[in-house]
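A.B. asks: So that we are looking at the same thing, I have put the structure below in structure tokens.
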Amino acid sequence: MKNLKRLFIFLMLASALPALAANKTVTLAIPSMTCPVCPITVKKALEAVSGVFKVEVTYARKEVTVTYDDAKTNVAALTKATANAGYPSTPEGKRK
Ligand SMILES: [Cu+2]
């Protein structure tokens, strides 16, 4: 019975582990998205970054929300990717 209890605790801990590999979401402000075609370029640039699995562009607000695996990439890499595509971006909250 004691072993069974240990196994149960082990399984609980093991199933909790994937939740620790955090998916993070960041919203980037991209003021230079000035026409409806821009979001396509921005989306492609961000989706090309390894670790990114969701990109949502809100053209009306000139924002893009990116969901990424923070073990594989980070906000600096994301802003670099948009800048390389011709669209400098600023993480929300740091905007002046
Ligand atoms: Cu455009």
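To be explicit about the labels: the chains of the structure tokens are called A, B, and onward in the order shown, and within each one the residues are counted from 1, while ligands get numbers from 1 in the order they are shown.
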Quick one: residues within 7 Å of ligand 1, with only C-alpha atoms and all ligand atoms, as a list in words?

C.D. replies: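 Counting only what the definition allows, namely only C-alpha atoms and all ligand atoms, the set is Met33, Thr34, Cys35, Pro36, Val37 and Cys38 of chain A.
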
A.B. asks: Can you spit out the residues from that selection as a tab-separated table (two decimals), in the first residue's frame, using all heavy atoms?

C.D. replies:
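Once written, result-v4.tsv looks like this:
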chain	number	residue	atom	x	y	z
A	33	MET	N	2.89	49.74	-38.50
A	33	MET	CA	1.92	48.97	-39.32
A	33	MET	C	0.87	49.95	-39.82
A	33	MET	O	-0.13	50.22	-39.15
A	33	MET	CB	1.24	47.88	-38.49
A	33	MET	CG	2.11	46.70	-38.18
A	33	MET	SD	1.17	45.23	-37.71
A	33	MET	CE	0.42	45.75	-36.18
A	34	THR	N	1.13	50.50	-41.02
A	34	THR	CA	0.28	51.60	-41.48
A	34	THR	C	-0.72	51.21	-42.56
A	34	THR	O	-1.55	52.02	-42.95
A	34	THR	CB	1.14	52.76	-42.00
A	34	THR	OG1	2.09	52.22	-42.92
A	34	THR	CG2	1.88	53.44	-40.86
A	35	CYS	N	-0.63	49.98	-43.08
A	35	CYS	CA	-1.62	49.54	-44.05
A	35	CYS	C	-1.98	48.08	-43.77
A	35	CYS	O	-1.23	47.38	-43.09
A	35	CYS	CB	-1.13	49.75	-45.48
A	35	CYS	SG	-0.18	48.38	-46.14
A	36	PRO	N	-3.10	47.62	-44.28
A	36	PRO	CA	-3.59	46.28	-43.92
A	36	PRO	C	-2.69	45.13	-44.37
A	36	PRO	O	-2.91	44.00	-43.95
A	36	PRO	CB	-4.94	46.20	-44.64
A	36	PRO	CG	-5.32	47.60	-44.91
A	36	PRO	CD	-4.04	48.34	-45.13
A	37	VAL	N	-1.70	45.40	-45.21
A	37	VAL	CA	-0.80	44.34	-45.66
A	37	VAL	C	0.33	44.11	-44.64
A	37	VAL	O	0.86	43.01	-44.52
A	37	VAL	CB	-0.22	44.66	-47.06
A	37	VAL	CG1	0.65	43.52	-47.56
A	37	VAL	CG2	-1.36	44.91	-48.05
A	38	CYS	N	0.67	45.15	-43.91
A	38	CYS	CA	1.75	45.06	-42.92
A	38	CYS	C	1.59	43.89	-41.95
A	38	CYS	O	2.56	43.17	-41.69
A	38	CYS	CB	1.85	46.36	-42.12
A	38	CYS	SG	2.31	47.79	-43.12

A.B. asks: Measure the distance from atom CA of A:Val66 to atom CA of A:Val26 in Å and round it to one decimal.

C.D. replies: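 Here the two named atoms are 5.4 Å from each other.
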
A.B. asks: Could you work out how far atom CA of A:Tyr59 lies from atom CA of A:Ala45, giving the answer in Å with one decimal?

C.D. replies: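 Computed distance, atom CA of A:Ala45 to atom CA of A:Tyr59, equals 15.5 Å.
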
A.B. asks: Tell me which of A:Asn23, A:Ala77, A:Tyr87, A:Lys5 sits closest to A:Glu63, counting only C-alpha atoms.

C.D. replies: A:Tyr87

A.B. asks: Taking only C-alpha atoms into account, which of A:Ala76, A:Thr58, A:Ser32, A:Ala85 comes nearest A:Lys44?

C.D. replies: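 Of the candidates, the smallest distance to A:Lys44 is held by A:Ala85.
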
A.B. asks: With distances taken over only C-alpha atoms, which of A:Val57, A:Val49, A:Ile40, A:Ala22 is nearest to A:Thr79?

C.D. replies: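 Going through A:Val57, A:Val49, A:Ile40, A:Ala22 one by one, the smallest distance to A:Thr79 is for A:Val49.
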
A.B. asks: Which polymer residues have any atom within 10 Å of an atom of A:Asp70, counting only C-alpha atoms, with same-chain residues fewer than 5 positions away left out, as an mmCIF file with N, CA and C atoms, in the first residue's frame?

C.D. replies:
data_model
loop_
_atom_site.group_PDB
_atom_site.id
_atom_site.type_symbol
_atom_site.label_atom_id
_atom_site.label_comp_id
_atom_site.auth_asym_id
_atom_site.auth_seq_id
_atom_site.Cartn_x
_atom_site.Cartn_y
_atom_site.Cartn_z
ATOM 1 N N ALA A 21 6.969 24.299 -17.850
ATOM 2 C CA ALA A 21 7.566 24.829 -19.077
ATOM 3 C C ALA A 21 6.605 25.870 -19.622
ATOM 4 N N ALA A 22 6.827 27.104 -19.199
ATOM 5 C CA ALA A 22 5.811 28.130 -19.365
ATOM 6 C C ALA A 22 5.654 28.646 -20.785
ATOM 7 N N ASN A 23 4.417 28.722 -21.195
ATOM 8 C CA ASN A 23 4.086 29.448 -22.404
ATOM 9 C C ASN A 23 3.799 30.871 -21.968
ATOM 10 N N LYS A 24 4.430 31.803 -22.615
ATOM 11 C CA LYS A 24 4.212 33.198 -22.242
ATOM 12 C C LYS A 24 3.548 33.945 -23.387
ATOM 13 N N THR A 25 2.855 34.984 -23.023
ATOM 14 C CA THR A 25 2.207 35.829 -24.022
ATOM 15 C C THR A 25 2.683 37.259 -23.828
ATOM 16 N N GLY A 51 9.972 28.593 -31.388
ATOM 17 C CA GLY A 51 9.404 28.717 -30.047
ATOM 18 C C GLY A 51 8.090 29.489 -30.041
ATOM 19 N N VAL A 52 7.800 30.163 -31.158
ATOM 20 C CA VAL A 52 6.547 30.912 -31.275
ATOM 21 C C VAL A 52 5.468 29.987 -31.799
ATOM 22 N N VAL A 75 11.349 37.860 -25.421
ATOM 23 C CA VAL A 75 10.784 39.089 -25.981
ATOM 24 C C VAL A 75 11.808 39.812 -26.865
#
